[in-house]
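Notes for the one structure printed next.
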Amino acid sequence: MNTSITENCAETEENVGILESNSFNRKNIDKLDADLRQLVERRDALGPCYRLFYQEPLHLVRGCGTRLFDANGVEYLDMYNNIPSIGHSNPVITEAVTRQLQQINTHTRYVHENILDYADALLAKLPAEIDRVMFMCSGSEANDLAIRCAQLYTGGAGIIVTAEAYHGNTALVSGVSPSIGKDVAMSPTMRMIPSPDTYRLGTDEIGEWMCAQISEQIADMRRHGIQFAGVLFDSIFSSDGVIPGEAGFLKPVIDLVHKEEGLYIADEVQPGFCRTGEGFWGFERHGIVPDIVTMGKPMANGIACSAMAVKHDVLDAFAEHNPYFNTFAGNPVAMAAAQAVLNYLDGNNMLEHTRDMGEKLRNEVRKLMAAHPQIGDVRGAGLFTGIEIVQPGTTEPDRPLAVALIEKMRENNVLISLCGPYGNVLKVRPPLVFDATDLDIFISALDISLTAICE
Ligand SMILES: Cc1ncc(COP(=O)(O)O)c(C=O)c1O
């Protein structure tokens with residue numbers, strides 16, 4: 001295989017933080033053509049924290065549905081971006097935003113119908129016990145507020161997450177996001193359980209296994225004088241490598257959390273809004289009711305908009321001492337976009353579509369396994385699929401091959417990325433408007449790319 005691609009990787013194999021899993025190495029800037037090089041150099045003004053995808057960064061200028069177009073007019077199938085879930089440049093968003101911008105855009109300190117109508121519509125999608133919703137601009141802000149609410153309600157500080165979790169970038173939330181980067185300070189009151197790696201753990205009793213891990217961490221908190229406040233889980237464990245597990249496996253886990261007087265914060269930033277195809281929210285697959293639900297990314301198809309939905313008694317504990325204002329959050333334009341997304345999802349049966357297309361996609365990838373033993377596992381729910389790239393006949397992750405593969409897929413005009421503790425899981429997560437033609441293109445590109453690299 002072509003090792004030069006992997007030699008150019010920015011990260012080492014022991015440190016595949018979520019932001020490093022597919023990133024441009026600035027040392028290779030001289031290899032870029034003059035125009036691209038100039039743009040990348042101009043990004044120096046943004047400072048050194050940002051990462052660009054791909055060894056040759058992609059300069060995208062236009063999107064439509066599941067397709068993206070670069071500055072040279074090259075068309076790509078977008079199999080990665082979940083934010084434009086109802087499609088890039090969907091006119092329903094343009095119209096909703098334009099109409100509202102032409103009228104007024106203010107904030108939540110004035111009365112406006114948009115936020116009220118949307119709050120009603122959103123709460124109607126949630127279990128009845130969750131009866132309050134507050135708006136923010138990012139998933140990080142929503143998780144930040146959720147943790148503060150859980151801590152105030154329980155009187156504890158201890159939060160449990162999975163070992164590869166990413167929940168956001170505020171001071172509080174980065175402290176409970178182990179995959180953000182190995183040098184980022186973790187909160188001393190945070191405890192991690194290993195990723196529920198169904199592929200390698202060799203147990204069907206994943207719920208029982210997780211309960212044992214959680215009990216161990218709660219005991220450890222107690223030994224250190226830390227009171228348990230709750231768990232913060234993304235129910236499809238995206239950054240842990242896309243691990244849907246058997247539907248229902250989280251039920252005993254959340255029962256245990258409640259028995260231990262902790263709260264369950266469901267981070268629906270990734271699995272929410274029909275993504276998993278089996279329910280509007282990812283947690284629905286497990287028949288559980290969270291205490292707090294956070295959401296963002298696809299909520300307004302790219303307009304900054306996020307939310308924390310919560311049981312009223314949990315919110316009341318926070319509200320007693322904390323007024324809250326967030327300048328741009330819940331503004332009439334963001335609410336108009338979010339409402340347009342909900343209307344589109346409902347009006348176009350996107351839940352059923354997502355479930356059907358997701359199943360078809362995984363079935364087609366599984367058909368490739370005989371010819372390509374480097375595909376070790378194909379798992380997912382709805383249009384969120386993880387494909388393990390391994391050394392044939394083993395469960396040993398093959399990260400160099402996975403990195404080469406996403407580069408080769410890009411050469412074949414398909415965009416995907418990587419995730420998981422070993423950085424070897426192809427993360428396949430197209431806009432939900434993904435259709436049968438897209439599926440053919442994806443499968444053919446995966447087949448051709450694996451053949452080109454491995455033979
Ligand atoms: C599961 C999960 N939670 C929270 C966040 C943070 O969201 P944002 O980037 O909007 O702050 C992310 C972002 O990738 C995420 O994947």
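Just remember, in the structure tokens the first chain shown is A, the second B, etc., residues are 1-based per chain, and ligands are 1-based in the order shown.
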
Taking only C-alpha atoms and all ligand atoms and a cut-off of 10 Å, can you tell me which residues surround ligand 1, written as a tab-separated table (two decimals) with all heavy atoms, in the first residue's frame?
chain	number	residue	atom	x	y	z
A	18	ILE	N	-9.85	13.32	18.54
A	18	ILE	CA	-10.90	13.46	17.54
A	18	ILE	C	-10.55	14.50	16.47
A	18	ILE	O	-10.85	14.33	15.30
A	18	ILE	CB	-12.26	13.75	18.21
A	18	ILE	CG1	-13.37	13.67	17.17
A	18	ILE	CG2	-12.28	15.09	18.92
A	18	ILE	CD1	-14.74	13.58	17.76
A	19	LEU	N	-9.84	15.56	16.87
A	19	LEU	CA	-9.53	16.60	15.90
A	19	LEU	C	-8.33	16.24	15.03
A	19	LEU	O	-8.05	16.88	14.02
A	19	LEU	CB	-9.28	17.93	16.62
A	19	LEU	CG	-10.50	18.44	17.39
A	19	LEU	CD1	-10.17	19.70	18.17
A	19	LEU	CD2	-11.66	18.73	16.44
A	83	ILE	N	-24.45	17.88	9.69
A	83	ILE	CA	-25.09	19.15	10.04
A	83	ILE	C	-26.14	19.54	8.98
A	83	ILE	O	-27.29	19.78	9.33
A	83	ILE	CB	-24.03	20.25	10.24
A	83	ILE	CG1	-23.11	19.83	11.40
A	83	ILE	CG2	-24.68	21.60	10.52
A	83	ILE	CD1	-21.77	20.49	11.42
A	136	MET	N	-29.37	27.52	22.97
A	136	MET	CA	-27.98	27.97	22.94
A	136	MET	C	-27.54	28.04	21.47
A	136	MET	O	-28.37	27.83	20.58
A	136	MET	CB	-27.06	26.96	23.66
A	136	MET	CG	-27.27	26.81	25.13
A	136	MET	SD	-28.47	25.52	25.43
A	136	MET	CE	-29.42	26.27	26.72
A	137	CYS	N	-26.23	28.24	21.26
A	137	CYS	CA	-25.72	28.33	19.88
A	137	CYS	C	-24.87	27.14	19.48
A	137	CYS	O	-24.54	26.98	18.31
A	137	CYS	CB	-24.90	29.60	19.70
A	137	CYS	SG	-25.80	31.09	20.09
A	138	SER	N	-24.43	26.34	20.44
A	138	SER	CA	-23.56	25.21	20.09
A	138	SER	C	-23.84	24.04	21.03
A	138	SER	O	-24.38	24.22	22.14
A	138	SER	CB	-22.08	25.60	20.24
A	138	SER	OG	-21.77	25.78	21.60
A	139	GLY	N	-23.43	22.86	20.59
A	139	GLY	CA	-23.57	21.68	21.43
A	139	GLY	C	-22.76	21.83	22.72
A	139	GLY	O	-23.18	21.36	23.78
A	140	SER	N	-21.62	22.47	22.62
A	140	SER	CA	-20.77	22.68	23.80
A	140	SER	C	-21.52	23.48	24.86
A	140	SER	O	-21.51	23.14	26.04
A	140	SER	CB	-19.50	23.45	23.42
A	140	SER	OG	-18.79	22.78	22.41
A	141	GLU	N	-22.17	24.54	24.42
A	141	GLU	CA	-22.93	25.37	25.38
A	141	GLU	C	-24.07	24.59	26.01
A	141	GLU	O	-24.37	24.75	27.20
A	141	GLU	CB	-23.50	26.61	24.68
A	141	GLU	CG	-22.47	27.66	24.35
A	141	GLU	CD	-23.11	28.86	23.66
A	141	GLU	OE1	-24.23	28.74	23.11
A	141	GLU	OE2	-22.49	29.93	23.67
A	142	ALA	N	-24.71	23.76	25.19
A	142	ALA	CA	-25.84	22.97	25.73
A	142	ALA	C	-25.33	21.98	26.77
A	142	ALA	O	-25.92	21.83	27.84
A	142	ALA	CB	-26.54	22.23	24.58
A	143	ASN	N	-24.21	21.31	26.47
A	143	ASN	CA	-23.66	20.36	27.45
A	143	ASN	C	-23.13	21.07	28.69
A	143	ASN	O	-23.22	20.55	29.80
A	143	ASN	CB	-22.56	19.51	26.80
A	143	ASN	CG	-23.14	18.40	25.95
A	143	ASN	OD1	-24.22	17.89	26.25
A	143	ASN	ND2	-22.44	18.01	24.90
A	144	ASP	N	-22.59	22.25	28.50
A	144	ASP	CA	-22.09	23.02	29.64
A	144	ASP	C	-23.23	23.30	30.61
A	144	ASP	O	-23.13	23.06	31.82
A	144	ASP	CB	-21.48	24.34	29.09
A	144	ASP	CG	-20.68	25.08	30.13
A	144	ASP	OD1	-21.31	25.63	31.06
A	144	ASP	OD2	-19.44	25.12	30.04
A	165	ALA	N	-14.95	9.90	24.55
A	165	ALA	CA	-16.05	10.84	24.35
A	165	ALA	C	-15.56	12.23	23.93
A	165	ALA	O	-14.47	12.66	24.31
A	165	ALA	CB	-16.85	10.96	25.64
A	166	TYR	N	-16.38	12.87	23.13
A	166	TYR	CA	-16.20	14.30	22.86
A	166	TYR	C	-17.55	14.97	23.08
A	166	TYR	O	-18.55	14.58	22.48
A	166	TYR	CB	-15.72	14.57	21.42
A	166	TYR	CG	-15.55	16.05	21.18
A	166	TYR	CD1	-14.47	16.74	21.72
A	166	TYR	CD2	-16.50	16.78	20.47
A	166	TYR	CE1	-14.33	18.11	21.55
A	166	TYR	CE2	-16.37	18.15	20.29
A	166	TYR	CZ	-15.28	18.80	20.83
A	166	TYR	OH	-15.15	20.17	20.68
A	167	HIS	N	-17.59	15.95	23.98
A	167	HIS	CA	-18.85	16.62	24.26
A	167	HIS	C	-18.77	18.13	24.05
A	167	HIS	O	-19.77	18.82	24.25
A	167	HIS	CB	-19.32	16.31	25.68
A	167	HIS	CG	-19.65	14.86	25.89
A	167	HIS	ND1	-20.73	14.24	25.29
A	167	HIS	CD2	-19.02	13.87	26.59
A	167	HIS	CE1	-20.77	12.96	25.64
A	167	HIS	NE2	-19.74	12.72	26.42
A	168	GLY	N	-17.58	18.65	23.71
A	168	GLY	CA	-17.51	20.07	23.42
A	168	GLY	C	-16.27	20.75	23.97
A	168	GLY	O	-15.37	20.10	24.51
A	169	ASN	N	-16.26	22.07	23.85
A	169	ASN	CA	-15.00	22.80	24.02
A	169	ASN	C	-14.98	23.89	25.09
A	169	ASN	O	-14.02	24.66	25.16
A	169	ASN	CB	-14.58	23.39	22.67
A	169	ASN	CG	-15.63	24.37	22.14
A	169	ASN	OD1	-16.48	24.84	22.90
A	169	ASN	ND2	-15.59	24.65	20.86
A	170	THR	N	-16.02	24.03	25.91
A	170	THR	CA	-15.92	25.03	26.98
A	170	THR	C	-14.99	24.47	28.06
A	170	THR	O	-14.65	23.28	28.04
A	170	THR	CB	-17.29	25.33	27.62
A	170	THR	OG1	-17.71	24.17	28.35
A	170	THR	CG2	-18.34	25.70	26.59
A	173	VAL	N	-16.79	21.59	29.73
A	173	VAL	CA	-17.09	20.43	28.89
A	173	VAL	C	-15.82	19.78	28.33
A	173	VAL	O	-15.76	18.54	28.18
A	173	VAL	CB	-18.08	20.81	27.75
A	173	VAL	CG1	-18.40	19.61	26.89
A	173	VAL	CG2	-19.37	21.37	28.33
A	174	SER	N	-14.80	20.57	28.03
A	174	SER	CA	-13.56	19.93	27.55
A	174	SER	C	-12.98	19.04	28.65
A	174	SER	O	-12.35	18.03	28.37
A	174	SER	CB	-12.54	20.95	27.04
A	174	SER	OG	-12.22	21.86	28.05
A	177	SER	N	-14.26	15.60	28.11
A	177	SER	CA	-14.15	15.18	26.70
A	177	SER	C	-12.77	14.58	26.45
A	177	SER	O	-11.90	15.21	25.85
A	177	SER	CB	-14.37	16.38	25.76
A	177	SER	OG	-15.69	16.86	25.86
A	180	ILE	N	-10.54	14.97	23.23
A	180	ILE	CA	-10.23	16.29	22.67
A	180	ILE	C	-8.73	16.44	22.39
A	180	ILE	O	-8.32	17.21	21.53
A	180	ILE	CB	-10.76	17.41	23.61
A	180	ILE	CG1	-10.85	18.75	22.90
A	180	ILE	CG2	-9.94	17.51	24.87
A	180	ILE	CD1	-11.63	19.81	23.68
A	232	LEU	N	-22.90	11.38	31.18
A	232	LEU	CA	-23.11	12.16	29.95
A	232	LEU	C	-22.72	11.23	28.80
A	232	LEU	O	-21.53	10.96	28.58
A	232	LEU	CB	-22.21	13.42	29.99
A	232	LEU	CG	-22.10	14.27	28.73
A	232	LEU	CD1	-23.46	14.75	28.25
A	232	LEU	CD2	-21.18	15.48	28.98
A	233	PHE	N	-23.73	10.69	28.12
A	233	PHE	CA	-23.47	9.73	27.05
A	233	PHE	C	-24.14	10.16	25.75
A	233	PHE	O	-25.28	10.63	25.75
A	233	PHE	CB	-24.04	8.34	27.40
A	233	PHE	CG	-23.32	7.62	28.52
A	233	PHE	CD1	-24.03	6.74	29.33
A	233	PHE	CD2	-21.96	7.78	28.74
A	233	PHE	CE1	-23.39	6.05	30.36
A	233	PHE	CE2	-21.30	7.10	29.76
A	233	PHE	CZ	-22.03	6.23	30.58
A	234	ASP	N	-23.41	9.93	24.66
A	234	ASP	CA	-23.95	10.04	23.31
A	234	ASP	C	-24.40	8.61	22.99
A	234	ASP	O	-23.56	7.70	22.96
A	234	ASP	CB	-22.81	10.52	22.41
A	234	ASP	CG	-22.93	10.12	20.96
A	234	ASP	OD1	-23.97	9.55	20.57
A	234	ASP	OD2	-21.98	10.38	20.20
A	235	SER	N	-25.69	8.39	22.78
A	235	SER	CA	-26.20	7.01	22.73
A	235	SER	C	-25.71	6.21	21.53
A	235	SER	O	-25.92	4.99	21.49
A	235	SER	CB	-27.73	7.01	22.78
A	235	SER	OG	-28.23	7.69	21.67
A	236	ILE	N	-25.07	6.85	20.56
A	236	ILE	CA	-24.48	6.03	19.48
A	236	ILE	C	-22.94	6.03	19.59
A	236	ILE	O	-22.24	5.48	18.76
A	236	ILE	CB	-24.97	6.45	18.07
A	236	ILE	CG1	-24.65	5.36	17.06
A	236	ILE	CG2	-24.48	7.81	17.65
A	236	ILE	CD1	-25.50	5.36	15.82
A	237	PHE	N	-22.43	6.62	20.68
A	237	PHE	CA	-21.00	6.59	20.99
A	237	PHE	C	-20.16	6.89	19.74
A	237	PHE	O	-19.29	6.10	19.34
A	237	PHE	CB	-20.64	5.23	21.63
A	237	PHE	CG	-21.41	4.98	22.89
A	237	PHE	CD1	-22.57	4.21	22.89
A	237	PHE	CD2	-21.03	5.58	24.09
A	237	PHE	CE1	-23.32	4.02	24.05
A	237	PHE	CE2	-21.77	5.40	25.26
A	237	PHE	CZ	-22.91	4.61	25.23
A	238	SER	N	-20.43	8.06	19.16
A	238	SER	CA	-19.82	8.44	17.88
A	238	SER	C	-18.31	8.44	17.92
A	238	SER	O	-17.66	7.74	17.14
A	238	SER	CB	-20.27	9.85	17.47
A	238	SER	OG	-21.59	10.07	17.80
A	239	SER	N	-17.74	9.24	18.83
A	239	SER	CA	-16.27	9.35	18.80
A	239	SER	C	-15.61	8.10	19.36
A	239	SER	O	-14.42	7.88	19.15
A	239	SER	CB	-15.81	10.61	19.53
A	239	SER	OG	-16.44	10.69	20.78
A	240	ASP	N	-16.38	7.26	20.06
A	240	ASP	CA	-15.85	5.97	20.52
A	240	ASP	C	-15.78	4.95	19.38
A	240	ASP	O	-15.36	3.81	19.60
A	240	ASP	CB	-16.72	5.41	21.66
A	240	ASP	CG	-16.54	6.20	22.95
A	240	ASP	OD1	-15.59	5.92	23.68
A	240	ASP	OD2	-17.34	7.12	23.20
A	266	ALA	N	-28.48	12.93	28.06
A	266	ALA	CA	-28.36	12.32	26.73
A	266	ALA	C	-27.82	13.37	25.78
A	266	ALA	O	-28.50	14.36	25.49
A	266	ALA	CB	-29.73	11.83	26.27
A	267	ASP	N	-26.59	13.16	25.32
A	267	ASP	CA	-26.00	14.07	24.34
A	267	ASP	C	-26.49	13.62	22.97
A	267	ASP	O	-25.99	12.64	22.40
A	267	ASP	CB	-24.48	14.02	24.44
A	267	ASP	CG	-23.81	14.98	23.46
A	267	ASP	OD1	-24.44	15.30	22.44
A	267	ASP	OD2	-22.66	15.39	23.70
A	268	GLU	N	-27.48	14.33	22.45
A	268	GLU	CA	-28.10	13.97	21.17
A	268	GLU	C	-27.55	14.82	20.02
A	268	GLU	O	-28.15	14.87	18.95
A	268	GLU	CB	-29.62	14.11	21.27
A	268	GLU	CG	-30.28	13.05	22.14
A	268	GLU	CD	-30.37	11.68	21.46
A	268	GLU	OE1	-30.44	11.63	20.23
A	268	GLU	OE2	-30.37	10.67	22.18
A	269	VAL	N	-26.41	15.46	20.28
A	269	VAL	CA	-25.81	16.30	19.23
A	269	VAL	C	-25.56	15.48	17.96
A	269	VAL	O	-25.77	15.96	16.85
A	269	VAL	CB	-24.52	16.96	19.76
A	269	VAL	CG1	-23.70	17.57	18.63
A	269	VAL	CG2	-24.86	18.02	20.80
A	270	GLN	N	-25.14	14.22	18.13
A	270	GLN	CA	-24.92	13.37	16.95
A	270	GLN	C	-26.15	12.52	16.62
A	270	GLN	O	-26.58	12.50	15.48
A	270	GLN	CB	-23.72	12.45	17.20
A	270	GLN	CG	-22.40	13.18	17.37
A	270	GLN	CD	-21.70	13.47	16.06
A	270	GLN	OE1	-22.09	12.98	15.00
A	270	GLN	NE2	-20.67	14.28	16.12
A	271	PRO	N	-26.71	11.79	17.58
A	271	PRO	CA	-27.78	10.85	17.18
A	271	PRO	C	-29.17	11.45	17.03
A	271	PRO	O	-30.06	10.77	16.53
A	271	PRO	CB	-27.77	9.81	18.31
A	271	PRO	CG	-27.22	10.50	19.50
A	271	PRO	CD	-26.29	11.57	18.98
A	272	GLY	N	-29.36	12.71	17.41
A	272	GLY	CA	-30.69	13.30	17.38
A	272	GLY	C	-31.19	13.64	15.98
A	272	GLY	O	-30.48	13.51	14.99
A	294	THR	N	-29.41	17.09	25.33
A	294	THR	CA	-28.76	18.20	24.63
A	294	THR	C	-28.72	17.89	23.14
A	294	THR	O	-28.68	16.73	22.75
A	294	THR	CB	-27.34	18.43	25.16
A	294	THR	OG1	-26.59	17.22	25.01
A	294	THR	CG2	-27.35	18.86	26.62
A	295	MET	N	-28.75	18.93	22.35
A	295	MET	CA	-28.81	18.75	20.89
A	295	MET	C	-28.19	19.95	20.19
A	295	MET	O	-28.01	21.00	20.82
A	295	MET	CB	-30.27	18.57	20.47
A	295	MET	CG	-31.12	19.78	20.78
A	295	MET	SD	-32.90	19.45	20.79
A	295	MET	CE	-33.17	18.82	22.43
A	296	GLY	N	-27.85	19.77	18.93
A	296	GLY	CA	-27.26	20.89	18.18
A	296	GLY	C	-27.11	20.51	16.72
A	296	GLY	O	-28.11	20.21	16.05
A	297	LYS	N	-25.88	20.48	16.26
A	297	LYS	CA	-25.50	20.23	14.86
A	297	LYS	C	-26.62	20.31	13.80
A	297	LYS	O	-26.76	21.34	13.17
A	297	LYS	CB	-24.75	18.90	14.78
A	297	LYS	CG	-23.33	19.00	15.40
A	297	LYS	CD	-22.46	17.86	14.96
A	297	LYS	CE	-21.19	17.72	15.79
A	297	LYS	NZ	-20.12	18.63	15.39
A	298	PRO	N	-27.43	19.22	13.58
A	298	PRO	CA	-28.37	19.28	12.44
A	298	PRO	C	-29.64	20.08	12.73
A	298	PRO	O	-30.51	20.19	11.86
A	298	PRO	CB	-28.72	17.81	12.22
A	298	PRO	CG	-28.60	17.18	13.56
A	298	PRO	CD	-27.53	17.94	14.30
A	304	ALA	N	-26.43	28.41	13.37
A	304	ALA	CA	-26.04	28.10	14.75
A	304	ALA	C	-27.28	28.03	15.65
A	304	ALA	O	-28.01	29.01	15.80
A	304	ALA	CB	-25.07	29.16	15.26
A	305	CYS	N	-27.50	26.87	16.23
A	305	CYS	CA	-28.68	26.65	17.04
A	305	CYS	C	-28.50	25.35	17.82
A	305	CYS	O	-28.17	24.32	17.25
A	305	CYS	CB	-29.89	26.52	16.10
A	305	CYS	SG	-31.45	26.30	16.97
A	306	SER	N	-28.69	25.43	19.13
A	306	SER	CA	-28.63	24.21	19.93
A	306	SER	C	-29.61	24.37	21.08
A	306	SER	O	-30.19	25.45	21.27
A	306	SER	CB	-27.21	23.97	20.45
A	306	SER	OG	-26.89	24.90	21.46

>> Among stretch 2-131 of chain A, which residues does DSSP mark as strand (DSSP E or B) when it is run on the backbone? Keep the chain and numbering as in the structure and answer as number ranges by chain.
In response: A: 60-65, 67-70, 75-78, 88

> Out of A:Pro57, A:Arg191, A:Leu52, A:Val133, which residue has the shortest atom-to-atom distance to A:Lys31 when counting only C-alpha atoms?
Replying inline: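 Of all the options, A:Pro57 lies closest to A:Lys31.
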
> Quick one: residues within 8 Å of stretch 425-432 of chain A, only C-alpha atoms counted, chain neighbours fewer than 3 positions away excluded, as number ranges by chain?
Replying inline: A: 65-66, 78-88, 241-242, 275, 350, 353-354, 383-389, 402, 406, 416-420, 422

Dump as a PDB file, in the first residue's frame, selection limited to C-alpha atoms:
ATOM      1  CA  GLY A  65     -28.233  18.007  -1.440  1.00  0.00           C
ATOM      2  CA  THR A  66     -25.627  15.295  -0.803  1.00  0.00           C
ATOM      3  CA  ASP A  78     -20.689  13.995   0.952  1.00  0.00           C
ATOM      4  CA  MET A  79     -20.819  10.897   3.167  1.00  0.00           C
ATOM      5  CA  TYR A  80     -19.565  12.714   6.227  1.00  0.00           C
ATOM      6  CA  ASN A  81     -21.489  15.846   7.108  1.00  0.00           C
ATOM      7  CA  ASN A  82     -24.432  15.460   9.455  1.00  0.00           C
ATOM      8  CA  ILE A  83     -25.090  19.152  10.042  1.00  0.00           C
ATOM      9  CA  PRO A  84     -26.803  19.787   6.663  1.00  0.00           C
ATOM     10  CA  SER A  85     -29.005  16.790   7.415  1.00  0.00           C
ATOM     11  CA  ILE A  86     -31.781  17.881   5.056  1.00  0.00           C
ATOM     12  CA  GLY A  87     -29.183  18.559   2.364  1.00  0.00           C
ATOM     13  CA  HIS A  88     -26.690  21.274   1.540  1.00  0.00           C
ATOM     14  CA  GLY A 241     -16.125   4.447  17.055  1.00  0.00           C
ATOM     15  CA  VAL A 242     -19.875   4.509  16.230  1.00  0.00           C
ATOM     16  CA  ARG A 275     -30.080  10.196  12.461  1.00  0.00           C
ATOM     17  CA  MET A 350     -37.187  11.214   6.896  1.00  0.00           C
ATOM     18  CA  HIS A 353     -36.105   6.961   4.836  1.00  0.00           C
ATOM     19  CA  THR A 354     -33.103   7.107   7.165  1.00  0.00           C
ATOM     20  CA  LEU A 383     -27.568   6.757   8.477  1.00  0.00           C
ATOM     21  CA  PHE A 384     -24.725   6.555  10.966  1.00  0.00           C
ATOM     22  CA  THR A 385     -22.345   3.738  10.132  1.00  0.00           C
ATOM     23  CA  GLY A 386     -18.941   2.720  11.417  1.00  0.00           C
ATOM     24  CA  ILE A 387     -16.723   0.446   9.329  1.00  0.00           C
ATOM     25  CA  GLU A 388     -13.784  -1.157  11.156  1.00  0.00           C
ATOM     26  CA  ILE A 389     -10.640  -1.401   9.060  1.00  0.00           C
ATOM     27  CA  ALA A 402      -7.927   3.512   7.140  1.00  0.00           C
ATOM     28  CA  ILE A 406     -10.173   8.074   3.234  1.00  0.00           C
ATOM     29  CA  ILE A 416     -15.770  10.323   4.715  1.00  0.00           C
ATOM     30  CA  SER A 417     -13.648  10.497   7.851  1.00  0.00           C
ATOM     31  CA  LEU A 418     -12.348   8.452  10.780  1.00  0.00           C
ATOM     32  CA  CYS A 419     -13.112   7.911  14.444  1.00  0.00           C
ATOM     33  CA  GLY A 420     -12.654   5.474  17.314  1.00  0.00           C
ATOM     34  CA  TYR A 422      -7.537   3.529  17.280  1.00  0.00           C
TER      35      TYR A 422
END

>> Set the distance at 12 Å and use only C-alpha atoms: which residues neighbour A:Glu208 once local chain neighbours fewer than 6 positions away are removed? I'd like the list as a list in words.
In response: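 Selected residues are Pro196, Ile214, Ser215, Gly248, Phe249, Leu250, Lys251, Pro252, Val253, Ile254, Asp255 and Leu256 of chain A.
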
Deliver the residues from the most recent selection as a file, using N, CA and C atoms, as a PDB file, in the first residue's frame.
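New file selection15.pdb:
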ATOM      1  N   PRO A 196     -17.613   1.195  24.963  1.00  0.00           N
ATOM      2  CA  PRO A 196     -18.313  -0.110  24.907  1.00  0.00           C
ATOM      3  C   PRO A 196     -18.093  -0.777  23.550  1.00  0.00           C
ATOM      4  N   ILE A 214     -19.472   1.295  35.486  1.00  0.00           N
ATOM      5  CA  ILE A 214     -19.995   2.509  36.136  1.00  0.00           C
ATOM      6  C   ILE A 214     -19.921   2.364  37.654  1.00  0.00           C
ATOM      7  N   SER A 215     -20.294   1.187  38.147  1.00  0.00           N
ATOM      8  CA  SER A 215     -20.237   0.970  39.608  1.00  0.00           C
ATOM      9  C   SER A 215     -18.821   1.171  40.113  1.00  0.00           C
ATOM     10  N   GLY A 248     -31.765  -1.225  23.456  1.00  0.00           N
ATOM     11  CA  GLY A 248     -32.165  -1.580  24.823  1.00  0.00           C
ATOM     12  C   GLY A 248     -31.008  -1.781  25.786  1.00  0.00           C
ATOM     13  N   PHE A 249     -29.753  -1.854  25.277  1.00  0.00           N
ATOM     14  CA  PHE A 249     -28.681  -2.203  26.205  1.00  0.00           C
ATOM     15  C   PHE A 249     -28.403  -1.095  27.233  1.00  0.00           C
ATOM     16  N   LEU A 250     -28.824   0.132  26.939  1.00  0.00           N
ATOM     17  CA  LEU A 250     -28.590   1.215  27.909  1.00  0.00           C
ATOM     18  C   LEU A 250     -29.624   1.246  29.041  1.00  0.00           C
ATOM     19  N   LYS A 251     -30.686   0.467  28.896  1.00  0.00           N
ATOM     20  CA  LYS A 251     -31.760   0.532  29.911  1.00  0.00           C
ATOM     21  C   LYS A 251     -31.243   0.178  31.313  1.00  0.00           C
ATOM     22  N   PRO A 252     -30.604  -0.996  31.515  1.00  0.00           N
ATOM     23  CA  PRO A 252     -30.108  -1.289  32.870  1.00  0.00           C
ATOM     24  C   PRO A 252     -29.059  -0.286  33.331  1.00  0.00           C
ATOM     25  N   VAL A 253     -28.327   0.282  32.390  1.00  0.00           N
ATOM     26  CA  VAL A 253     -27.285   1.256  32.736  1.00  0.00           C
ATOM     27  C   VAL A 253     -27.917   2.509  33.344  1.00  0.00           C
ATOM     28  N   ILE A 254     -28.963   2.977  32.705  1.00  0.00           N
ATOM     29  CA  ILE A 254     -29.605   4.203  33.194  1.00  0.00           C
ATOM     30  C   ILE A 254     -30.399   3.919  34.474  1.00  0.00           C
ATOM     31  N   ASP A 255     -30.945   2.703  34.585  1.00  0.00           N
ATOM     32  CA  ASP A 255     -31.595   2.333  35.855  1.00  0.00           C
ATOM     33  C   ASP A 255     -30.580   2.415  36.995  1.00  0.00           C
ATOM     34  N   LEU A 256     -29.378   1.933  36.725  1.00  0.00           N
ATOM     35  CA  LEU A 256     -28.330   1.978  37.763  1.00  0.00           C
ATOM     36  C   LEU A 256     -27.973   3.431  38.111  1.00  0.00           C
TER      37      LEU A 256
END
